[in-house]
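See structure below.
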Amino acid sequence: MRIGELTRRTGVNERLLRYYEQQGLLQPERLPSGYRVYRESDVAAVNRIRSLLAAGLSTGTIAQILPCLREEDERLVPTCPDLIAQLRAERARMTSAIEELETSRSLLDSVITAGLATTA
């Protein structure tokens, strides 16, 4: 299928599909004319990519783990032994970032509260 069809079937615009290709997430066949030809399996791959992006993973991380995931009952299941550890490390990184943001928000709340007290 051509890129326009993949766009229609996944809801992902052509520019993003080209970006996924640049990041190594998709490998469409190229015709001599330069047109991209996608496989039926690329529809599912794009959906997996979108799910992993929504989970907060970078395209670099997704490129590493995508071959180690399969879909089962509409959820992603790891198939490589070391993937769980990598996902736990990503989760820990996210938890740390969330904690830092909560600290920042708390400090900002203090500034706002102090400002409200002086203007009242």
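The way I read the labels, and the way they are meant: chains A, B, ... in the order of the structure tokens, residue 1 as the first residue of every chain, and ligand 1 as the first ligand shown, with later ones counted on from there.
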8 Å contact set for region 23-34 of chain A, only C-alpha atoms, chain neighbours under 5 positions out, as a PDB file with N, CA and C atoms, in the first residue's frame:
ATOM      1  N   LEU A  17       4.765   9.580   9.312  1.00  0.00           N
ATOM      2  CA  LEU A  17       5.184   8.275   8.797  1.00  0.00           C
ATOM      3  C   LEU A  17       6.596   8.354   8.226  1.00  0.00           C
ATOM      4  N   ARG A  39       3.718  -2.590   3.915  1.00  0.00           N
ATOM      5  CA  ARG A  39       3.096  -3.903   4.067  1.00  0.00           C
ATOM      6  C   ARG A  39       1.866  -3.788   4.970  1.00  0.00           C
ATOM      7  N   ASP A  42       2.558  -3.136   8.557  1.00  0.00           N
ATOM      8  CA  ASP A  42       2.934  -1.786   8.969  1.00  0.00           C
ATOM      9  C   ASP A  42       1.782  -1.042   9.637  1.00  0.00           C
ATOM     10  N   ALA A  45       2.170  -2.039  13.112  1.00  0.00           N
ATOM     11  CA  ALA A  45       3.406  -1.442  13.632  1.00  0.00           C
ATOM     12  C   ALA A  45       3.188   0.027  13.981  1.00  0.00           C
ATOM     13  N   ILE A  49       3.627   1.777  17.595  1.00  0.00           N
ATOM     14  CA  ILE A  49       4.475   2.968  17.764  1.00  0.00           C
ATOM     15  C   ILE A  49       3.686   4.058  18.478  1.00  0.00           C
ATOM     16  N   THR A  59      11.359   7.858  20.452  1.00  0.00           N
ATOM     17  CA  THR A  59      11.455   7.053  19.235  1.00  0.00           C
ATOM     18  C   THR A  59      12.724   6.203  19.236  1.00  0.00           C
ATOM     19  N   GLY A  60      13.777   6.694  19.864  1.00  0.00           N
ATOM     20  CA  GLY A  60      15.010   5.907  19.970  1.00  0.00           C
ATOM     21  C   GLY A  60      14.795   4.644  20.782  1.00  0.00           C
ATOM     22  N   ILE A  62      11.863   3.252  21.324  1.00  0.00           N
ATOM     23  CA  ILE A  62      10.893   2.431  20.588  1.00  0.00           C
ATOM     24  C   ILE A  62      11.603   1.624  19.504  1.00  0.00           C
ATOM     25  N   ALA A  63      12.548   2.237  18.803  1.00  0.00           N
ATOM     26  CA  ALA A  63      13.285   1.517  17.756  1.00  0.00           C
ATOM     27  C   ALA A  63      14.002   0.302  18.332  1.00  0.00           C
ATOM     28  N   LEU A  66      10.813  -2.265  19.744  1.00  0.00           N
ATOM     29  CA  LEU A  66       9.722  -2.662  18.848  1.00  0.00           C
ATOM     30  C   LEU A  66       9.844  -4.104  18.355  1.00  0.00           C
TER      31      LEU A  66
END
If we count only C-alpha atoms and set the cut-off at 12 Å, which residues sit around Leu57 (chain A), ignoring sequence neighbours fewer than 5 positions away in its own chain? Please answer as a list in words.
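The contact residues come out as Arg48, Ile49, Arg50, Ser51, Leu52, Ile62, Ala63, Gln64, Ile65, Leu66, Gln86, Leu87, Arg88, Ala89, Glu90, Arg91, Arg93 and Met94 of chain A.
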Running DSSP on the backbone, which parts of region 66-117 of chain A land in helix (DSSP H, G or I), as a PyMOL selection string?
chain A and resi 66-68+83-117
Give me, as a VMD selection string, all polymer residues having an atom no more than 10 Å from Arg70 (chain A), counting only C-alpha atoms and skipping those fewer than 4 positions away in the same chain.
chain A and resid 44 to 45 48 66 74 to 79
Keeping C-alpha atoms, export the residues of the selection given above as an mmCIF file, in the first residue's frame.
data_model
loop_
_atom_site.group_PDB
_atom_site.id
_atom_site.type_symbol
_atom_site.label_atom_id
_atom_site.label_comp_id
_atom_site.auth_asym_id
_atom_site.auth_seq_id
_atom_site.Cartn_x
_atom_site.Cartn_y
_atom_site.Cartn_z
ATOM 1 C CA ALA A 44 -0.165 -2.745 13.261
ATOM 2 C CA ALA A 45 3.406 -1.442 13.632
ATOM 3 C CA ARG A 48 2.230 -0.053 18.336
ATOM 4 C CA LEU A 66 9.722 -2.662 18.848
ATOM 5 C CA GLU A 74 -5.031 -5.561 22.105
ATOM 6 C CA ARG A 75 -2.090 -5.182 24.471
ATOM 7 C CA LEU A 76 1.637 -5.237 23.902
ATOM 8 C CA VAL A 77 3.532 -8.217 25.306
ATOM 9 C CA PRO A 78 7.345 -8.354 25.621
ATOM 10 C CA THR A 79 9.022 -11.266 23.833
#
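Between CA of Val46 (chain A) and CA of Cys80 (chain A) lies a distance of 20.0 Å.
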All strand (DSSP E or B) residues (DSSP, backbone) inside chain A, as a PDB file with C-alpha atoms, in the first residue's frame:
ATOM      1  CA  GLU A  29       9.975  -0.923   0.264  1.00  0.00           C
ATOM      2  CA  ARG A  30      10.988   1.693  -2.307  1.00  0.00           C
ATOM      3  CA  ARG A  36       7.163   4.012  -0.613  1.00  0.00           C
ATOM      4  CA  VAL A  37       5.247   0.743  -0.451  1.00  0.00           C
ATOM      5  CA  LEU A  69       6.925  -6.768  21.263  1.00  0.00           C
ATOM      6  CA  ARG A  70       3.907  -8.607  19.964  1.00  0.00           C
ATOM      7  CA  GLU A  71       0.253  -7.797  20.228  1.00  0.00           C
ATOM      8  CA  GLU A  72      -2.010 -10.080  22.221  1.00  0.00           C
ATOM      9  CA  ARG A  75      -2.090  -5.182  24.471  1.00  0.00           C
ATOM     10  CA  LEU A  76       1.637  -5.237  23.902  1.00  0.00           C
ATOM     11  CA  VAL A  77       3.532  -8.217  25.306  1.00  0.00           C
ATOM     12  CA  PRO A  78       7.345  -8.354  25.621  1.00  0.00           C
TER      13      PRO A  78
END
Pick out the closest residue to Thr61 (chain A) from this set: A:Leu83, A:Ala97, A:Ile3, A:Ala92. Count only C-alpha atoms.
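Closest to Thr61 (chain A) of all the choices is A:Leu83.
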Between CA of Val12 (chain A) and CA of Leu53 (chain A), measure the distance and give it in Å to one decimal.
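About the pair CA of Val12 (chain A) and CA of Leu53 (chain A): they are 12.7 Å apart.
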